Amino acid sequence: MHRVVSETRVLEANERLAARNRQLFGDSGVFVVNLMSAPGAGKTTLLERTIERLRDELRIGVIEGDLMTTIDADRIGALGVPVFQITTGSVCHLDAQMVGRALEQFHPGGLDLLVIENVGNLVCPAEFDLGEDVRVMVWSTLEGADKPRKYPVMFHEAAVVLLNKIDLLPYAGVSLDELRANVRAVNPAAELLPLSCRTGEGLEEWVAWLKAQVIRGRGDGLEAA
Amino acid sequence: MHETAIARNIISIAEEEARRRGAARIISIRVRLGEFRGVVPEALTFAYEVMRIGTLAEGANLEIGVDPLRVACNLCGEREMAPGELNLICSECGGILRIISGQDLVVESLDLAWLH
């Protein structure tokens with residue numbers, strides 16, 4: 001018997017494929033968002049509201065990740081933007097290989113913004129780099145104020161946390177300040193944007209943030225709308 | 001249950017190393033798992049025991065060494081922190097803490113056996 005030192009990162013294979021995706025995104029000049037949340041936090045509705053506000057200014061595409069069904073892809077497709085569905089079967093997250101395969105059929109050339117809607121899950125998607133530029137997380141007011149402490153890895157990795165369903169705050173029994181403090185504890189650098197996809201409150205701030213990221217990512221100054 | 005994917009990756013890394021060195025089988029695999037990863041050691045062990053069947057690691061033990069979460073403040077120094085108690089605002093000075101360890105997920109070493 002002989003002991004050999006390996007010191008190999010377990011997800012190195014995923015990191016390699018994510019780097020390949022990132023290269024393709026960079027070459028295509030597309031800004032890529034990895035959108036993550038628990039099931040039911042409002043990712044798809046957020047996407048609908050975002051697309052409605054930005055589709056005249058940006059060429060947007062969407063990759064939908066779900067365990068089953070094409071319900072979400074159908075909703076996004078109804079808005080007239082290109083959409084590709086990844087059905088993972090029983091896999092609880094997207095990984096760089098699944099996205100890489102999708103990109104063979106769904107080339108991002110010609111897009112300004114590609115949103116990859118991950119499988120609804122607060123644990124597993126956090127582990128897998130897809131090659132995105134930013135991770136955006138949706139957290140809704142009714143999920144419980146303690147979620148950042150219970151799922152710190154995903155909250156820690158997000159560049160922005162969208163606090164959705166603030167119209168329901170009066171029923172959540174929790175203040176915006178408390179929710180904000182709980183995010184800040186695990187991710188002091190995160191941008192926290194409160195909004196409601198139902199009433200539209202806060203959506204303009206989110207859309208402005210996203211547009212600024214896309215413009216910065218392209219580095220060429222999109223024509224002012 | 002992304003532990004299945006993690007277990008599959010651990011086995012692939014071990015098998016590749018064993019083949020590259022011409023070993024006949026893998027006796028054990030040591031993994032360093034940071035506490036600040038969304039990976040549960042028990043779930044990883046369970047997934048590993050299923051996934052190793054039919055591989056060079058079929059008889060190999062998986063030894064998981066848990067690497068504690070440690071944070072550092074520029075002014076107040078380093079400390080250990082339970083992941084469920086994570087607060088990156090320094091309780092001493094109000095500054096922002098950095099995570100300095102507890103995020104690894106690494107195959108450290110393998111014990112291999114050769115036929116003689």
# chains A, B, ... in the order shown; residues from 1 in each chain; ligands from 1
>>> interface_residues(of="chain B", to="chain A", cutoff="7 Å", atoms="only C-alpha atoms", output="list of chain:residue names")
B:Met1, B:His2, B:Ile6, B:Asn9, B:Ile10, B:Phe36, B:Arg37, B:Gly38, B:Gly84, B:Glu85, B:Leu86, B:Asn87, B:Leu88, B:Ile89, B:Leu105, B:Val106, B:Val107, B:Glu108, B:Ser109, B:Leu110, B:Asp111, B:Leu112, B:Ala113
>>> residues_around(residues="Glu92 of chain B", least_positions_apart="6", cutoff="12 Å", atoms="only C-alpha atoms", output="list of chain:residue names")
B:Ala72, B:Cys73, B:Asn74, B:Leu75, B:Cys76, B:Gly77, B:Glu78, B:Arg79
>>> residues_around(residues="segment 71-87 of chain A", least_positions_apart="4", cutoff="8 Å", atoms="only C-alpha atoms", output="number ranges by chain")
A: 44, 47-48, 51-52, 55, 60-67, 98, 102, 106
>>> closest_residue(among="B:Leu44, B:Leu33, B:Val71, B:Ala82", to="Asp104 of chain B", atoms="only C-alpha atoms")
B:Leu33
>>> select_by_dssp(residues="segment 7-93 of chain B", states="strand (DSSP E or B)", output="JSON, numbers by chain")
{"B": [25, 26, 27, 28, 29, 30, 31, 32, 33, 34, 61, 62, 63, 64, 65, 66, 67, 70, 71, 72, 73, 77, 78, 79, 80, 89]}
>>> write_last_selection(atoms="C-alpha atoms", output="CSV table (one decimal), in the first residue's frame")
chain,number,residue,atom,x,y,z
B,25,ARG,CA,-7.3,-0.7,-6.4
B,26,ILE,CA,-8.0,2.2,-4.0
B,27,ILE,CA,-7.8,1.4,-0.3
B,28,SER,CA,-9.0,4.7,1.1
B,29,ILE,CA,-9.7,8.3,0.1
B,30,ARG,CA,-9.2,11.3,2.3
B,31,VAL,CA,-11.3,14.4,1.7
B,32,ARG,CA,-11.1,17.8,3.3
B,33,LEU,CA,-14.6,19.3,3.6
B,34,GLY,CA,-15.0,22.9,4.7
B,61,ASN,CA,-13.0,3.9,2.9
B,62,LEU,CA,-14.0,7.6,2.5
B,63,GLU,CA,-12.4,9.6,5.4
B,64,ILE,CA,-13.9,13.0,5.7
B,65,GLY,CA,-11.9,15.6,7.6
B,66,VAL,CA,-14.0,18.6,8.5
B,67,ASP,CA,-12.2,21.9,8.1
B,70,ARG,CA,-12.6,30.6,10.4
B,71,VAL,CA,-13.1,34.3,10.0
B,72,ALA,CA,-10.6,37.2,10.3
B,73,CYS,CA,-11.0,40.9,11.2
B,77,GLY,CA,-7.7,39.0,14.6
B,78,GLU,CA,-9.0,35.5,13.7
B,79,ARG,CA,-11.6,33.3,15.3
B,80,GLU,CA,-13.6,30.2,14.6
B,89,ILE,CA,-19.9,42.0,11.1
>>> atom_distance(atom1="atom CA of Ala172 of chain A", atom2="atom CA of Trp139 of chain A")
12.9 Å
>>> select_by_dssp(residues="segment 3-33 of chain A", states="alpha helix (DSSP H)", output="tab-separated table (two decimals) with N, CA and C atoms, in the first residue's frame")
chain	number	residue	atom	x	y	z
A	12	GLU	N	-13.35	20.36	-9.59
A	12	GLU	CA	-12.46	20.91	-10.62
A	12	GLU	C	-13.03	20.70	-12.02
A	13	ALA	N	-13.65	19.54	-12.25
A	13	ALA	CA	-14.20	19.27	-13.58
A	13	ALA	C	-15.29	20.29	-13.91
A	14	ASN	N	-16.14	20.60	-12.91
A	14	ASN	CA	-17.18	21.61	-13.14
A	14	ASN	C	-16.56	22.98	-13.38
A	15	GLU	N	-15.49	23.29	-12.62
A	15	GLU	CA	-14.82	24.60	-12.79
A	15	GLU	C	-14.26	24.75	-14.20
A	16	ARG	N	-13.72	23.65	-14.74
A	16	ARG	CA	-13.18	23.70	-16.11
A	16	ARG	C	-14.27	23.98	-17.12
A	17	LEU	N	-15.41	23.29	-16.95
A	17	LEU	CA	-16.51	23.49	-17.90
A	17	LEU	C	-17.13	24.88	-17.73
A	18	ALA	N	-17.17	25.37	-16.48
A	18	ALA	CA	-17.69	26.72	-16.23
A	18	ALA	C	-16.80	27.75	-16.91
A	19	ALA	N	-15.47	27.51	-16.86
A	19	ALA	CA	-14.53	28.44	-17.50
A	19	ALA	C	-14.76	28.46	-19.01
A	20	ARG	N	-15.08	27.29	-19.57
A	20	ARG	CA	-15.35	27.21	-21.01
A	20	ARG	C	-16.63	28.01	-21.36
A	21	ASN	N	-17.66	27.83	-20.51
A	21	ASN	CA	-18.90	28.60	-20.73
A	21	ASN	C	-18.62	30.10	-20.64
A	22	ARG	N	-17.81	30.48	-19.63
A	22	ARG	CA	-17.51	31.89	-19.39
A	22	ARG	C	-16.79	32.49	-20.60
A	23	GLN	N	-15.90	31.68	-21.18
A	23	GLN	CA	-15.18	32.11	-22.39
A	23	GLN	C	-16.16	32.36	-23.54
A	24	LEU	N	-17.10	31.43	-23.71
A	24	LEU	CA	-18.09	31.56	-24.77
A	24	LEU	C	-18.96	32.80	-24.54
A	25	PHE	N	-19.36	33.02	-23.29
A	25	PHE	CA	-20.18	34.19	-22.97
A	25	PHE	C	-19.38	35.47	-23.28
A	26	GLY	N	-18.11	35.46	-22.87
A	26	GLY	CA	-17.27	36.64	-23.11
A	26	GLY	C	-17.11	36.91	-24.60
A	27	ASP	N	-16.85	35.85	-25.37
A	27	ASP	CA	-16.68	36.00	-26.82
A	27	ASP	C	-17.97	36.49	-27.47
A	28	SER	N	-19.11	36.10	-26.90
A	28	SER	CA	-20.40	36.49	-27.48
A	28	SER	C	-20.83	37.87	-27.01
>>> atom_distance(atom1="atom CA of Arg101 of chain A", atom2="atom CA of Gly42 of chain A")
26.2 Å
>>> closest_residue(among="A:Asp146, A:Glu204, A:Asp112, A:Glu104", to="Asp56 of chain A", atoms="only C-alpha atoms")
A:Asp112
>>> closest_residue(among="B:Gly102, B:Pro83, B:Gly94, B:Ile11", to="Ala47 of chain B", atoms="only C-alpha atoms")
B:Ile11
>>> residues_around(residues="Met51 of chain B", least_positions_apart="3", cutoff="7 Å", atoms="only C-alpha atoms", output="list in words")
Ala7, Arg8, Ala47 and Tyr48 of chain B
>>> atom_distance(atom1="atom CA of Ala41 of chain A", atom2="atom CA of Met137 of chain A")
9.5 Å
